[in-house]
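Notes for the one structure printed next.
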Amino acid sequence: MWHFGDRQKGKDAARAVKCCYFSCYYAPCCSTGLCLYDISYAAGVKVHSRRRAEGSNKKAMTGWLPMIGMTALPHLGGLYGGFITRKEVKAWYPTLKKPSWRPPNAAFPVVWTCLYTGMGYGSYLIWRELGGFTEDAVVPLGLYGLQLALNWAWTPIFFGAHKLKWALMEIVLLTGTVGATMWSWYPISRTATLLLAPYLSWLCLATSLNYRIWKDNPDEGQKKDE
C-alpha cells in the first residue's frame with residue numbers, strides 16, 4: 001500500500017537525481033576536480049578587477065593634476081632664466097650690437113610663456129597616449145627632457161656668463177633636439193607635434209639672432225673673464 005512517506009521518499013530521490021544531473025551536465029569539473037563554475041567565477045573576478053584597475057589608471061591619466069603639473073614644468077626654468085635676464089637686459093644687453101630685425105624686448109616674456117605652455121601640454125598628451133612613463137615613452141619623453149634641459153641652460157650661458165659662442169653652439173644643439181623630439185612625437189600625437197612647431201620656428205629666429213650678435217660683437221665674452 002502506497003503511503004505518504006513513500007511518496008515523499010520518491011520525491012527526494014527524484015530531486016537528488018535531478019541535482020546530480022545538473023551538477024554533472026551544467027557544472028562539469030576539470031581534471032583536478034574543481035568545478036568549472038568556480039574557475040570561471042574566479043577568472044571573471046580577475047578580469048573584472050583588471051578592467052577596474054585599467055579604468056582607474058585611465059582616469060588617473062586624464063586627471064587635472066598630471067596635466068597641470070606637466071604643463072607648468074617648463075615654466076620653472078623660465079622663472080630661473082627670467083631672474084638672470086632681468087639684470088642683464090638692462091645693463092649688459094643694450095651695449096651689444098644687434099640686428100635691426102630683432103624682436104622687441106617686451107615680446108620675449110610673452111612668447112616664451114606661450115611656448116612653454118604649449119610644449120608642456122604637448123608632453124602631457126604624449127605621456128597620456130603612452131600610458132605614463134612606460135618603456136615606449138623612453139625615447140619621446142627622453143628627448144623632450146633633453147631639449148628642456150638645453151633650453152634652461154641657454155640663458156645662464158648667454159646672459160649669465162656672456163659666452164656668445166658657447167650659447168650659439170648650445171642653441172644649435174637645442175634646435176636639433178627639438179626637431180628630433182617632434183619626429184618621435186609625430187606617430188603618437190599630431191596635436192602634440194604641432195604644439196612644438198611655433199617653438200621650433202622661434203628657435204630658428206633665436207639662433208639667427210644669437211649668430212648675428214656673436215659675429216657683430218667679437219670681443220664680447222672675453223670681458224667676463226678679465
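Order determines the names: the first chain of the C-alpha cells is A, the second B, and so forth; residues in each chain are numbered 1 upward, and ligands are numbered 1 upward as they are shown.
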Output as CSV one row per residue of stretch 135-177 of chain A within 10 Å of stretch 90-109 of chain A: the closest atom pair and its distance in Å to one decimal place, counting only C-alpha atoms, sorted by chain and residue number ascending.
```
residue,atom,partner,partner_atom,distance
A:Phe158,CA,A:Tyr93,CA,9.9
A:Phe159,CA,A:Tyr93,CA,7.9
A:His162,CA,A:Trp92,CA,8.9
```
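Nearest residue to A:Asn151 among A:Leu164, A:Leu203, A:Val139, A:Ile84 is A:Leu203, counting only C-alpha atoms.
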(Q) If you run DSSP on the backbone here, which positions in stretch 90-218 of chain A get alpha helix (DSSP H)? Please write them as JSON, numbers by chain. (A) {"A": [90, 91, 107, 108, 109, 110, 111, 112, 113, 114, 115, 116, 117, 118, 119, 120, 121, 122, 123, 124, 125, 126, 127, 128, 129, 138, 139, 140, 141, 142, 143, 144, 145, 146, 147, 148, 149, 150, 151, 152, 153, 154, 155, 164, 165, 166, 167, 168, 169, 170, 171, 172, 173, 174, 175, 176, 177, 178, 179, 180, 181, 182, 183, 184, 185, 190, 191, 192, 193, 194, 195, 196, 197, 198, 199, 200, 201, 202, 203, 204, 205, 206, 207, 208, 209, 210, 211, 212, 213, 214, 215, 216]}
Q) So what do you get for atom CA of A:Tyr124 versus atom CA of A:Met67, distance-wise? A) 5.8 Å
**Q.** Selected residue of minimal separation from A:Trp127 among A:Trp185, A:Trp152, A:Trp214, A:Trp112, counting only C-alpha atoms
**A.**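 Closest to A:Trp127 of all the choices is A:Trp185.
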